[in-house]
$ cat upload-v1.cif   # mmCIF, C-alpha atoms
data_start
#
loop_
_atom_site.group_PDB
_atom_site.id
_atom_site.type_symbol
_atom_site.label_atom_id
_atom_site.label_comp_id
_atom_site.auth_asym_id
_atom_site.auth_seq_id
_atom_site.Cartn_x
_atom_site.Cartn_y
_atom_site.Cartn_z
ATOM 1 C CA MET L 12 99.822 115.267 -44.646
ATOM 2 C CA LYS L 13 101.214 116.708 -47.840
ATOM 3 C CA PHE L 14 98.927 117.289 -50.815
ATOM 4 C CA ALA L 15 99.906 118.112 -54.377
ATOM 5 C CA ALA L 16 98.115 118.843 -57.624
ATOM 6 C CA LEU L 17 99.714 116.624 -60.266
ATOM 7 C CA LYS L 18 99.178 115.859 -63.911
ATOM 8 C CA TYR L 19 99.027 112.073 -63.977
ATOM 9 C CA GLN L 20 98.006 109.913 -66.914
ATOM 10 C CA GLY L 21 96.894 113.031 -68.751
ATOM 11 C CA LYS L 22 94.599 114.263 -65.962
ATOM 12 C CA GLU L 23 94.874 116.892 -63.268
ATOM 13 C CA THR L 24 94.805 114.871 -60.035
ATOM 14 C CA LEU L 25 94.781 115.752 -56.336
ATOM 15 C CA CYS L 26 97.271 113.498 -54.567
ATOM 16 C CA PHE L 27 98.744 112.542 -51.233
ATOM 17 C CA VAL L 28 102.538 112.898 -51.292
ATOM 18 C CA ASN L 29 105.300 111.135 -49.388
ATOM 19 C CA SER L 30 108.147 113.531 -50.181
ATOM 20 C CA LYS L 31 110.723 111.477 -48.259
ATOM 21 C CA LYS L 32 110.125 108.528 -50.593
ATOM 22 C CA ASN L 33 109.367 110.677 -53.661
ATOM 23 C CA THR L 34 105.984 108.986 -54.116
ATOM 24 C CA PHE L 35 102.306 109.921 -54.430
ATOM 25 C CA PHE L 36 98.847 108.388 -54.495
ATOM 26 C CA PRO L 37 95.615 109.931 -55.870
ATOM 27 C CA VAL L 38 92.996 111.097 -53.366
ATOM 28 C CA LYS L 39 89.826 109.059 -53.930
ATOM 29 C CA ASN L 40 87.387 110.990 -51.735
ATOM 30 C CA GLU L 41 84.567 112.263 -53.969
ATOM 31 C CA SER L 42 84.282 115.422 -51.870
ATOM 32 C CA ALA L 43 87.842 116.395 -52.816
ATOM 33 C CA PRO L 44 88.226 116.374 -56.614
ATOM 34 C CA ASP L 45 90.785 119.214 -56.463
ATOM 35 C CA MET L 46 92.761 121.202 -53.894
ATOM 36 C CA GLN L 47 90.314 124.098 -53.589
ATOM 37 C CA THR L 48 87.376 121.773 -52.966
ATOM 38 C CA LEU L 49 89.429 119.744 -50.482
ATOM 39 C CA ILE L 50 90.118 122.930 -48.517
ATOM 40 C CA ASP L 51 86.474 124.028 -48.748
ATOM 41 C CA ASN L 52 85.266 120.693 -47.331
ATOM 42 C CA TYR L 53 88.149 119.752 -45.058
ATOM 43 C CA GLU L 54 86.440 120.486 -41.752
ATOM 44 C CA HIS L 55 83.787 117.895 -42.652
ATOM 45 C CA ILE L 56 85.921 115.240 -44.372
ATOM 46 C CA GLU L 57 89.229 115.469 -42.500
ATOM 47 C CA SER L 58 88.786 112.150 -40.682
ATOM 48 C CA GLU L 59 87.781 110.379 -43.915
ATOM 49 C CA VAL L 60 90.795 111.751 -45.766
ATOM 50 C CA GLU L 61 93.156 110.828 -42.925
ATOM 51 C CA ARG L 62 91.755 107.295 -42.890
ATOM 52 C CA GLU L 63 92.225 107.030 -46.651
ATOM 53 C CA TYR L 64 95.842 108.139 -46.256
ATOM 54 C CA ARG L 65 96.552 105.600 -43.520
ATOM 55 C CA ASN L 66 95.079 102.780 -45.621
ATOM 56 C CA ILE L 67 97.350 103.292 -48.629
ATOM 57 C CA ARG L 68 99.374 100.111 -48.994
ATOM 58 C CA GLU L 69 103.121 100.443 -49.298
ATOM 59 C CA HIS L 70 103.260 98.918 -52.771
ATOM 60 C CA ASP L 71 100.458 101.195 -54.072
ATOM 61 C CA TRP L 72 102.501 104.397 -53.847
ATOM 62 C CA ILE L 73 103.591 105.740 -57.261
ATOM 63 C CA SER L 74 106.912 107.397 -58.125
ATOM 64 C CA LEU L 75 106.664 111.167 -58.554
ATOM 65 C CA GLU L 76 108.741 110.721 -61.696
ATOM 66 C CA GLU L 77 105.551 109.492 -63.372
ATOM 67 C CA ALA L 78 103.733 112.795 -62.806
ATOM 68 C CA GLU L 79 104.097 116.517 -63.505
ATOM 69 C CA PHE L 80 103.644 119.115 -60.781
ATOM 70 C CA LEU L 81 100.908 121.709 -61.128
ATOM 71 C CA ALA L 82 100.393 124.715 -58.874
ATOM 72 C CA PRO L 83 98.522 123.485 -55.754
ATOM 73 C CA ILE L 84 95.757 126.039 -56.416
ATOM 74 C CA PRO L 85 96.280 127.053 -60.053
ATOM 75 C CA TYR L 86 93.509 129.670 -60.133
ATOM 76 C CA PRO L 87 93.052 131.311 -56.717
ATOM 77 C CA ARG L 88 89.653 132.899 -56.191
ATOM 78 C CA ARG L 89 91.294 136.224 -55.363
ATOM 79 C CA ASN L 90 94.669 137.933 -55.665
ATOM 80 C CA ILE L 91 97.487 136.655 -53.485
ATOM 81 C CA VAL L 92 97.886 138.807 -50.354
ATOM 82 C CA CYS L 93 101.523 139.722 -49.707
ATOM 83 C CA LEU L 94 103.516 141.278 -46.872
ATOM 84 C CA GLY L 95 106.160 143.884 -47.620
ATOM 85 C CA LYS L 96 109.184 144.552 -45.419
ATOM 86 C CA ASN L 97 108.441 141.826 -42.862
ATOM 87 C CA TYR L 98 112.056 140.965 -41.956
ATOM 88 C CA LEU L 99 114.173 143.756 -40.437
ATOM 89 C CA GLU L 100 117.380 142.767 -42.229
ATOM 90 C CA HIS L 101 115.475 142.881 -45.529
ATOM 91 C CA VAL L 102 114.171 146.345 -44.592
ATOM 92 C CA LYS L 103 117.784 147.413 -44.082
ATOM 93 C CA GLU L 104 119.033 146.007 -47.386
ATOM 94 C CA ILE L 105 116.337 147.708 -49.494
ATOM 95 C CA GLY L 106 115.359 150.725 -47.377
ATOM 96 C CA GLY L 107 117.628 153.137 -49.174
ATOM 97 C CA ILE L 108 116.476 151.807 -52.536
ATOM 98 C CA THR L 109 112.701 151.826 -52.133
ATOM 99 C CA GLY L 110 112.334 154.829 -49.856
ATOM 100 C CA GLY L 111 111.145 155.067 -46.273
ATOM 101 C CA PRO L 112 113.195 154.574 -43.087
ATOM 102 C CA LYS L 113 116.177 152.321 -43.812
ATOM 103 C CA ASP L 114 116.597 150.660 -40.415
ATOM 104 C CA THR L 115 113.129 150.877 -38.891
ATOM 105 C CA ALA L 116 110.473 148.171 -38.715
ATOM 106 C CA PRO L 117 107.108 149.329 -40.082
ATOM 107 C CA GLU L 118 104.570 150.340 -37.458
ATOM 108 C CA TYR L 119 101.881 148.186 -39.088
ATOM 109 C CA PRO L 120 102.024 145.231 -41.490
ATOM 110 C CA ILE L 121 102.378 146.372 -45.101
ATOM 111 C CA TYR L 122 99.854 144.485 -47.236
ATOM 112 C CA PHE L 123 99.575 144.490 -51.000
ATOM 113 C CA THR L 124 98.151 142.076 -53.544
ATOM 114 C CA LYS L 125 99.711 140.139 -56.392
ATOM 115 C CA ALA L 126 97.684 138.882 -59.334
ATOM 116 C CA ALA L 127 98.321 135.198 -60.032
ATOM 117 C CA TYR L 128 95.827 133.704 -62.459
ATOM 118 C CA PRO L 129 97.227 131.161 -62.917
ATOM 119 C CA CYS L 130 99.931 130.589 -60.327
ATOM 120 C CA ASN L 131 103.127 129.118 -61.681
ATOM 121 C CA SER L 132 104.162 125.632 -60.529
ATOM 122 C CA HIS L 133 107.186 123.767 -59.216
ATOM 123 C CA MET L 134 109.572 123.281 -62.176
ATOM 124 C CA GLY L 135 107.632 125.894 -64.153
ATOM 125 C CA THR L 136 109.302 128.452 -66.401
ATOM 126 C CA VAL L 137 109.329 132.090 -65.302
ATOM 127 C CA LEU L 138 108.802 134.297 -68.365
ATOM 128 C CA ARG L 139 111.285 137.151 -68.837
ATOM 129 C CA HIS L 140 108.973 139.719 -70.460
ATOM 130 C CA PRO L 141 112.062 141.450 -71.937
ATOM 131 C CA ASP L 142 110.035 144.243 -73.527
ATOM 132 C CA ILE L 143 108.801 145.234 -70.069
ATOM 133 C CA THR L 144 111.561 144.462 -67.584
ATOM 134 C CA GLN L 145 115.310 143.941 -67.334
ATOM 135 C CA LYS L 146 115.423 143.505 -63.553
ATOM 136 C CA ILE L 147 113.736 140.276 -62.476
ATOM 137 C CA ASP L 148 114.252 139.361 -58.825
ATOM 138 C CA TYR L 149 113.373 136.456 -56.503
ATOM 139 C CA GLU L 150 111.885 136.372 -52.984
ATOM 140 C CA ALA L 151 111.533 133.104 -51.052
ATOM 141 C CA GLU L 152 108.504 133.255 -48.757
ATOM 142 C CA LEU L 153 106.423 131.101 -46.448
ATOM 143 C CA ALA L 154 102.927 130.937 -47.946
ATOM 144 C CA VAL L 155 99.931 130.500 -45.643
ATOM 145 C CA VAL L 156 96.818 128.830 -47.047
ATOM 146 C CA ILE L 157 93.608 129.793 -45.247
ATOM 147 C CA GLY L 158 91.284 126.931 -44.320
ATOM 148 C CA LYS L 159 88.034 128.541 -43.209
ATOM 149 C CA LYS L 160 86.039 131.719 -43.550
ATOM 150 C CA GLY L 161 86.545 134.398 -40.933
ATOM 151 C CA THR L 162 86.823 138.085 -40.127
ATOM 152 C CA ASP L 163 88.026 140.053 -37.091
ATOM 153 C CA ILE L 164 90.054 137.032 -35.980
ATOM 154 C CA PRO L 165 91.944 137.366 -32.669
ATOM 155 C CA ALA L 166 95.622 136.386 -32.735
ATOM 156 C CA GLU L 167 95.097 133.524 -30.282
ATOM 157 C CA GLU L 168 92.644 131.903 -32.717
ATOM 158 C CA ALA L 169 94.385 132.825 -35.948
ATOM 159 C CA LEU L 170 96.183 129.520 -36.580
ATOM 160 C CA ASP L 171 92.833 127.720 -36.305
ATOM 161 C CA TYR L 172 91.958 129.396 -39.617
ATOM 162 C CA VAL L 173 95.000 127.990 -41.396
ATOM 163 C CA PHE L 174 94.677 124.934 -43.638
ATOM 164 C CA GLY L 175 98.362 124.565 -44.283
ATOM 165 C CA TYR L 176 101.577 126.003 -45.645
ATOM 166 C CA THR L 177 103.513 125.979 -48.886
ATOM 167 C CA VAL L 178 106.471 127.738 -50.507
ATOM 168 C CA GLY L 179 106.096 130.888 -52.586
ATOM 169 C CA ASN L 180 108.507 132.824 -54.787
ATOM 170 C CA ASP L 181 107.393 136.436 -55.074
ATOM 171 C CA ILE L 182 109.069 137.100 -58.419
ATOM 172 C CA SER L 183 109.408 140.859 -58.865
ATOM 173 C CA ALA L 184 110.151 143.094 -61.849
ATOM 174 C CA ARG L 185 112.013 145.798 -59.943
ATOM 175 C CA ASP L 186 112.147 148.358 -62.741
ATOM 176 C CA VAL L 187 108.390 148.029 -63.340
ATOM 177 C CA GLN L 188 107.832 148.267 -59.589
ATOM 178 C CA ASN L 189 109.821 151.505 -59.384
ATOM 179 C CA ARG L 190 108.268 153.046 -62.513
ATOM 180 C CA HIS L 191 104.752 152.663 -61.187
ATOM 181 C CA VAL L 192 105.655 153.699 -57.625
ATOM 182 C CA ASN L 193 103.701 150.750 -56.248
ATOM 183 C CA TRP L 194 104.208 147.009 -55.913
ATOM 184 C CA PHE L 195 101.202 145.635 -57.794
ATOM 185 C CA MET L 196 102.373 146.008 -61.408
ATOM 186 C CA GLY L 197 105.932 144.883 -60.725
ATOM 187 C CA LYS L 198 104.725 141.801 -58.867
ATOM 188 C CA SER L 199 101.939 140.636 -61.191
ATOM 189 C CA LEU L 200 103.493 139.759 -64.536
ATOM 190 C CA ILE L 201 102.377 136.436 -66.058
ATOM 191 C CA SER L 202 104.182 133.415 -64.519
ATOM 192 C CA HIS L 203 105.693 135.518 -61.712
ATOM 193 C CA CYS L 204 104.030 133.722 -58.806
ATOM 194 C CA PRO L 205 105.426 130.189 -58.439
ATOM 195 C CA VAL L 206 103.824 128.272 -55.548
ATOM 196 C CA GLY L 207 104.372 124.701 -54.374
ATOM 197 C CA PRO L 208 105.365 121.979 -54.686
ATOM 198 C CA TYR L 209 103.037 120.790 -51.905
ATOM 199 C CA ILE L 210 100.620 122.117 -49.337
ATOM 200 C CA VAL L 211 101.534 120.745 -45.919
ATOM 201 C CA THR L 212 98.638 120.617 -43.427
ATOM 202 C CA LYS L 213 99.073 122.756 -40.320
ATOM 203 C CA ASP L 214 99.354 119.761 -37.974
ATOM 204 C CA GLU L 215 102.701 118.977 -39.621
ATOM 205 C CA ILE L 216 103.985 122.471 -38.714
ATOM 206 C CA PRO L 217 102.851 123.244 -35.169
ATOM 207 C CA ASP L 218 104.919 126.455 -34.981
ATOM 208 C CA PRO L 219 105.271 128.403 -38.246
ATOM 209 C CA GLN L 220 107.735 130.782 -36.540
ATOM 210 C CA LYS L 221 110.529 128.176 -36.398
ATOM 211 C CA LEU L 222 111.229 127.481 -40.079
ATOM 212 C CA SER L 223 114.389 128.159 -42.060
ATOM 213 C CA VAL L 224 113.804 130.029 -45.336
ATOM 214 C CA GLN L 225 116.448 129.834 -48.048
ATOM 215 C CA SER L 226 116.874 130.656 -51.702
ATOM 216 C CA TYR L 227 119.536 129.567 -54.162
ATOM 217 C CA VAL L 228 120.302 130.867 -57.637
ATOM 218 C CA ASN L 229 122.167 128.278 -59.694
ATOM 219 C CA ASP L 230 122.991 126.563 -56.383
ATOM 220 C CA GLU L 231 124.514 129.742 -54.884
ATOM 221 C CA LEU L 232 122.943 130.450 -51.490
ATOM 222 C CA ARG L 233 121.371 133.914 -51.624
ATOM 223 C CA GLN L 234 118.858 134.020 -48.747
ATOM 224 C CA ASN L 235 119.288 132.229 -45.440
ATOM 225 C CA GLY L 236 116.696 133.369 -42.917
ATOM 226 C CA ASN L 237 114.207 132.020 -40.432
ATOM 227 C CA THR L 238 110.529 132.774 -39.853
ATOM 228 C CA ALA L 239 111.460 133.488 -36.228
ATOM 229 C CA ASP L 240 112.813 136.792 -37.577
ATOM 230 C CA MET L 241 109.495 137.968 -38.993
ATOM 231 C CA ILE L 242 108.460 141.367 -37.684
ATOM 232 C CA TRP L 243 104.842 140.212 -37.897
ATOM 233 C CA GLY L 244 104.303 136.484 -37.283
ATOM 234 C CA VAL L 245 101.620 134.435 -39.004
ATOM 235 C CA ALA L 246 99.079 134.886 -36.207
ATOM 236 C CA ASP L 247 99.489 138.666 -36.191
ATOM 237 C CA ILE L 248 99.383 138.826 -39.997
ATOM 238 C CA ILE L 249 95.995 137.073 -39.953
ATOM 239 C CA ARG L 250 94.709 139.126 -37.004
ATOM 240 C CA GLU L 251 95.524 142.448 -38.623
ATOM 241 C CA LEU L 252 94.481 141.466 -42.156
ATOM 242 C CA SER L 253 91.107 140.140 -41.031
ATOM 243 C CA LYS L 254 90.048 143.409 -39.380
ATOM 244 C CA GLY L 255 86.954 144.252 -41.384
ATOM 245 C CA TYR L 256 88.181 141.965 -44.179
ATOM 246 C CA MET L 257 86.805 138.490 -44.848
ATOM 247 C CA LEU L 258 89.248 135.647 -45.331
ATOM 248 C CA TYR L 259 88.059 132.657 -47.366
ATOM 249 C CA PRO L 260 89.200 129.039 -47.688
ATOM 250 C CA GLY L 261 91.973 128.833 -50.252
ATOM 251 C CA ASP L 262 93.198 132.403 -49.775
ATOM 252 C CA ILE L 263 96.997 132.509 -50.002
ATOM 253 C CA ILE L 264 99.130 134.898 -47.958
ATOM 254 C CA LEU L 265 102.835 135.410 -48.750
ATOM 255 C CA THR L 266 104.445 136.430 -45.486
ATOM 256 C CA GLY L 267 107.492 138.407 -46.609
ATOM 257 C CA THR L 268 111.072 137.545 -47.479
ATOM 258 C CA PRO L 269 114.423 137.546 -45.616
ATOM 259 C CA LYS L 270 117.460 139.541 -46.723
ATOM 260 C CA GLY L 271 119.469 138.436 -49.726
ATOM 261 C CA VAL L 272 117.237 139.447 -52.628
ATOM 262 C CA GLY L 273 118.978 140.366 -55.864
ATOM 263 C CA MET L 274 118.341 144.100 -55.599
ATOM 264 C CA GLY L 275 119.976 144.136 -52.150
ATOM 265 C CA PHE L 276 123.465 143.311 -53.476
ATOM 266 C CA ASN L 277 125.987 145.889 -54.639
ATOM 267 C CA PRO L 278 126.007 145.586 -57.581
ATOM 268 C CA PRO L 279 122.525 143.989 -57.827
ATOM 269 C CA LYS L 280 122.232 140.326 -58.793
ATOM 270 C CA PHE L 281 119.129 140.175 -60.952
ATOM 271 C CA LEU L 282 118.064 136.953 -62.662
ATOM 272 C CA ASN L 283 119.343 135.971 -66.101
ATOM 273 C CA PRO L 284 118.025 133.681 -68.859
ATOM 274 C CA GLY L 285 118.350 130.034 -67.870
ATOM 275 C CA ASP L 286 118.884 130.707 -64.154
ATOM 276 C CA LYS L 287 117.635 128.075 -61.732
ATOM 277 C CA ILE L 288 115.946 129.412 -58.580
ATOM 278 C CA THR L 289 115.356 127.148 -55.588
ATOM 279 C CA CYS L 290 113.235 128.361 -52.675
ATOM 280 C CA ARG L 291 113.479 126.027 -49.686
ATOM 281 C CA ILE L 292 111.438 126.085 -46.482
ATOM 282 C CA GLU L 293 112.057 123.678 -43.656
ATOM 283 C CA GLY L 294 109.341 121.044 -43.261
ATOM 284 C CA ILE L 295 107.743 121.855 -46.623
ATOM 285 C CA GLY L 296 110.209 121.328 -49.450
ATOM 286 C CA ASP L 297 111.932 122.885 -52.453
ATOM 287 C CA LEU L 298 110.172 125.051 -55.022
ATOM 288 C CA ILE L 299 112.329 125.088 -58.175
ATOM 289 C CA ASN L 300 111.843 127.297 -61.210
ATOM 290 C CA TYR L 301 113.832 128.324 -64.276
ATOM 291 C CA ILE L 302 114.075 131.685 -65.989
ATOM 292 C CA GLU L 303 113.054 131.590 -69.631
ATOM 293 C CA GLU L 304 116.039 131.225 -71.992
#
$ encode --input "upload-v1.cif" --output "structure tokens"
Amino acid sequence: MKFAALKYQGKETLCFVNSKKNTFFPVKNESAPDMQTLIDNYEHIESEVEREYRNIREHDWISLEEAEFLAPIPYPRRNIVCLGKNYLEHVKEIGGITGGPKDTAPEYPIYFTKAAYPCNSHMGTVLRHPDITQKIDYEAELAVVIGKKGTDIPAEEALDYVFGYTVGNDISARDVQNRHVNWFMGKSLISHCPVGPYIVTKDEIPDPQKLSVQSYVNDELRQNGNTADMIWGVADIIRELSKGYMLYPGDIILTGTPKGVGMGFNPPKFLNPGDKITCRIEGIGDLINYIEE
């Protein structure tokens, strides 16, 4: 199933989505008034929610044109966890810029966090913050949404802890990032974490390591990778992250980006006012955002 948080008839509404037909229908289950609560309760209400979905009549579906997309989880309980340098070709394109070995995969996953409170949404505007940055960049990433609490999770059980997947754009202010010699400040400016448009439950994506990941800027293809090329796959990301660290339902993990980011070009191709950025992941959908004019 695909779920979305939509503004419909003036209210924030959790909805089922049929993306192929561009339609939606509000979730009626009282134990799922919003996405976070749905995830919290899903183990106990999954069969009820699936039955509700199956019983939606064809003529009851509503056109998505009647609603406005919100971030699936607008206010995550904690910072977004991110992976740095998780595709070798991306390591190569930025290695000489950010320091460290240019052609070598990291020995361990590189984790950092990104403040997103709130997350930006599909079709949302990315603020330029021109007094702070002149080098705004994009990063299309598979986002993993955790479904149940756990720590010290073995790799063979890791996908059992996943609720579903969505698309993330790890917008980055590269000059801020370099000034502070860390990734937190340059990744955490207001509006710089678009997520969406849907969360797709894990049963729809049995193997998260077989998904194409693309980004376009004004319809120009910039990134064209595949999750098969991750240095650390989803299961290993969860295994390593959960060592002595508790994962909670609704936690979001951005799993790294393929080559083709703006800073990797010579000369760099940073984002400009009015640019349209599309991040596309196979089996999930398109996350579209616009840079503030």
$ resolve_selection --input "upload-v1.cif" --expression "the PyMOL selection byres ((chain L and resi 197) around 9)" --output "list in words"
Lys125, Thr144, Ile182, Ser183, Ala184, Arg185, Asp186, Val187, Gln188, Asn189, Arg190, His191, Asn193, Trp194, Phe195, Met196, Lys198, Ser199 and Leu200 of chain L
$ closest_atom_pairs --input "upload-v1.cif" --of "segment 79-178 of chain L" --to "segment 257-261 of chain L" --cutoff "12 Å" --atoms "all atoms listed in the file" --output "JSON lines"
{"residue": "L:Pro83", "atom": "CA", "partner": "L:Gly261", "partner_atom": "CA", "distance": 10.1}
{"residue": "L:Ile84", "atom": "CA", "partner": "L:Gly261", "partner_atom": "CA", "distance": 7.8}
{"residue": "L:Pro85", "atom": "CA", "partner": "L:Gly261", "partner_atom": "CA", "distance": 10.9}
{"residue": "L:Tyr86", "atom": "CA", "partner": "L:Gly261", "partner_atom": "CA", "distance": 10.0}
{"residue": "L:Pro87", "atom": "CA", "partner": "L:Gly261", "partner_atom": "CA", "distance": 7.0}
{"residue": "L:Arg88", "atom": "CA", "partner": "L:Gly261", "partner_atom": "CA", "distance": 7.6}
{"residue": "L:Arg89", "atom": "CA", "partner": "L:Gly261", "partner_atom": "CA", "distance": 9.0}
{"residue": "L:Asn90", "atom": "CA", "partner": "L:Gly261", "partner_atom": "CA", "distance": 10.9}
{"residue": "L:Ile91", "atom": "CA", "partner": "L:Gly261", "partner_atom": "CA", "distance": 10.1}
{"residue": "L:Val92", "atom": "CA", "partner": "L:Leu258", "partner_atom": "CA", "distance": 10.5}
{"residue": "L:Ala154", "atom": "CA", "partner": "L:Gly261", "partner_atom": "CA", "distance": 11.4}
{"residue": "L:Val155", "atom": "CA", "partner": "L:Gly261", "partner_atom": "CA", "distance": 9.3}
{"residue": "L:Val156", "atom": "CA", "partner": "L:Gly261", "partner_atom": "CA", "distance": 5.8}
{"residue": "L:Ile157", "atom": "CA", "partner": "L:Pro260", "partner_atom": "CA", "distance": 5.1}
{"residue": "L:Gly158", "atom": "CA", "partner": "L:Pro260", "partner_atom": "CA", "distance": 4.5}
{"residue": "L:Lys159", "atom": "CA", "partner": "L:Pro260", "partner_atom": "CA", "distance": 4.7}
{"residue": "L:Lys160", "atom": "CA", "partner": "L:Tyr259", "partner_atom": "CA", "distance": 4.4}
{"residue": "L:Gly161", "atom": "CA", "partner": "L:Leu258", "partner_atom": "CA", "distance": 5.3}
{"residue": "L:Thr162", "atom": "CA", "partner": "L:Met257", "partner_atom": "CA", "distance": 4.7}
{"residue": "L:Asp163", "atom": "CA", "partner": "L:Met257", "partner_atom": "CA", "distance": 8.0}
{"residue": "L:Ile164", "atom": "CA", "partner": "L:Leu258", "partner_atom": "CA", "distance": 9.5}
{"residue": "L:Ala169", "atom": "CA", "partner": "L:Leu258", "partner_atom": "CA", "distance": 11.1}
{"residue": "L:Tyr172", "atom": "CA", "partner": "L:Pro260", "partner_atom": "CA", "distance": 8.5}
{"residue": "L:Val173", "atom": "CA", "partner": "L:Pro260", "partner_atom": "CA", "distance": 8.6}
{"residue": "L:Phe174", "atom": "CA", "partner": "L:Pro260", "partner_atom": "CA", "distance": 8.0}
{"residue": "L:Gly175", "atom": "CA", "partner": "L:Gly261", "partner_atom": "CA", "distance": 9.7}
{"residue": "L:Tyr176", "atom": "CA", "partner": "L:Gly261", "partner_atom": "CA", "distance": 11.0}
{"residue": "L:Thr177", "atom": "CA", "partner": "L:Gly261", "partner_atom": "CA", "distance": 12.0}
$ write_last_selection --input "upload-v1.cif" --atoms "C-alpha atoms" --output "CSV table (one decimal), in the coordinates of the input"
chain,number,residue,atom,x,y,z
L,83,PRO,CA,98.5,123.5,-55.8
L,84,ILE,CA,95.8,126.0,-56.4
L,85,PRO,CA,96.3,127.1,-60.1
L,86,TYR,CA,93.5,129.7,-60.1
L,87,PRO,CA,93.1,131.3,-56.7
L,88,ARG,CA,89.7,132.9,-56.2
L,89,ARG,CA,91.3,136.2,-55.4
L,90,ASN,CA,94.7,137.9,-55.7
L,91,ILE,CA,97.5,136.7,-53.5
L,92,VAL,CA,97.9,138.8,-50.4
L,154,ALA,CA,102.9,130.9,-47.9
L,155,VAL,CA,99.9,130.5,-45.6
L,156,VAL,CA,96.8,128.8,-47.0
L,157,ILE,CA,93.6,129.8,-45.2
L,158,GLY,CA,91.3,126.9,-44.3
L,159,LYS,CA,88.0,128.5,-43.2
L,160,LYS,CA,86.0,131.7,-43.6
L,161,GLY,CA,86.5,134.4,-40.9
L,162,THR,CA,86.8,138.1,-40.1
L,163,ASP,CA,88.0,140.1,-37.1
L,164,ILE,CA,90.1,137.0,-36.0
L,169,ALA,CA,94.4,132.8,-35.9
L,172,TYR,CA,92.0,129.4,-39.6
L,173,VAL,CA,95.0,128.0,-41.4
L,174,PHE,CA,94.7,124.9,-43.6
L,175,GLY,CA,98.4,124.6,-44.3
L,176,TYR,CA,101.6,126.0,-45.6
L,177,THR,CA,103.5,126.0,-48.9
$ axis_aligned_box --input "upload-v1.cif" --around "segment 113-123 of chain L" --padding-each-side "6 Å" --output "AutoDock Vina command-line options"
--center_x 108.1 --center_y 148.4 --center_z -44.2 --size_x 29.0 --size_y 19.8 --size_z 25.5
$ resolve_selection --input "upload-v1.cif" --expression "the PyMOL selection byres ((chain L and resi 20) around 12)" --output "count of residues only"
13
$ residues_around --input "upload-v1.cif" --residues "Cys130 of chain L" --least-positions-apart "3" --cutoff "6 Å" --atoms "only C-alpha atoms" --output "PyMOL selection string"
chain L and resi 85+127+204-205
$ closest_residue --input "upload-v1.cif" --among "L:Phe123, L:Phe35, L:Tyr64, L:Phe27" --to "Leu265 of chain L" --atoms "all atoms listed in the file"
L:Phe123
$ closest_atom_pairs --input "upload-v1.cif" --of "segment 66-184 of chain L" --to "segment 294-303 of chain L" --cutoff "12 Å" --atoms "only C-alpha atoms" --output "tab-separated table"
residue	atom	partner	partner_atom	distance
L:Phe80	CA	L:Leu298	CA	10.5
L:Leu81	CA	L:Leu298	CA	11.6
L:Ala82	CA	L:Leu298	CA	10.5
L:Pro83	CA	L:Leu298	CA	11.8
L:Asn131	CA	L:Asn300	CA	8.9
L:Ser132	CA	L:Asn300	CA	7.9
L:His133	CA	L:Leu298	CA	5.3
L:Met134	CA	L:Asn300	CA	4.7
L:Gly135	CA	L:Asn300	CA	5.3
L:Thr136	CA	L:Tyr301	CA	5.0
L:Val137	CA	L:Ile302	CA	4.8
L:Leu138	CA	L:Glu303	CA	5.2
L:Arg139	CA	L:Glu303	CA	5.9
L:His140	CA	L:Glu303	CA	9.1
L:Pro141	CA	L:Glu303	CA	10.2
L:Ile147	CA	L:Ile302	CA	9.3
L:Asp148	CA	L:Ile302	CA	10.5
L:Tyr149	CA	L:Asn300	CA	10.4
L:Glu150	CA	L:Leu298	CA	11.6
L:Ala151	CA	L:Leu298	CA	9.1
L:Glu152	CA	L:Leu298	CA	10.5
L:Leu153	CA	L:Ile295	CA	9.3
L:Ala154	CA	L:Ile295	CA	10.4
L:Val155	CA	L:Ile295	CA	11.7
L:Gly175	CA	L:Ile295	CA	10.0
L:Tyr176	CA	L:Ile295	CA	7.5
L:Thr177	CA	L:Ile295	CA	6.3
L:Val178	CA	L:Leu298	CA	6.4
L:Gly179	CA	L:Leu298	CA	7.5
L:Asn180	CA	L:Leu298	CA	8.0
L:Asp181	CA	L:Leu298	CA	11.7
L:Ile182	CA	L:Asn300	CA	10.6
$ atom_distance --input "upload-v1.cif" --atom1 "atom CA of Ala116 of chain L" --atom2 "atom CA of Trp243 of chain L"
9.8 Å
$ atom_distance --input "upload-v1.cif" --atom1 "atom CA of Glu61 of chain L" --atom2 "atom CA of Ile264 of chain L"
25.3 Å
$ closest_residue --input "upload-v1.cif" --among "L:Ile288, L:Lys13, L:Ser202, L:Ile56" --to "Pro129 of chain L" --atoms "only C-alpha atoms"
L:Ser202
$ atom_distance --input "upload-v1.cif" --atom1 "atom CA of Lys287 of chain L" --atom2 "atom CA of Ala16 of chain L"
22.0 Å
$ residues_around --input "upload-v1.cif" --residues "Asp247 of chain L" --least-positions-apart "5" --cutoff "12 Å" --atoms "all atoms listed in the file" --output "list in words"
Leu94, Asn97, Tyr119, Pro120, Asp163, Ile164, Pro165, Ala166, Glu167, Glu168, Ala169, Leu170, Pro219, Gln220, Met241, Ile242, Leu252, Ser253, Lys254 and Thr266 of chain L
$ closest_residue --input "upload-v1.cif" --among "L:Asp218, L:Asp142, L:Glu100, L:Asp286" --to "Asn235 of chain L" --atoms "all atoms listed in the file"
L:Glu100
$ closest_residue --input "upload-v1.cif" --among "L:Leu99, L:Cys26, L:Ala15, L:Val245" --to "Pro269 of chain L" --atoms "only C-alpha atoms"
L:Leu99
$ closest_residue --input "upload-v1.cif" --among "L:Thr289, L:Val102, L:Arg250, L:Lys146" --to "Gln225 of chain L" --atoms "only C-alpha atoms"
L:Thr289
$ residues_around --input "upload-v1.cif" --residues "Ala43 of chain L" --least-positions-apart "4" --cutoff "8 Å" --atoms "only C-alpha atoms" --output "NGL selection string"
:L and (25 or 38-39 or 48-49 or 52)
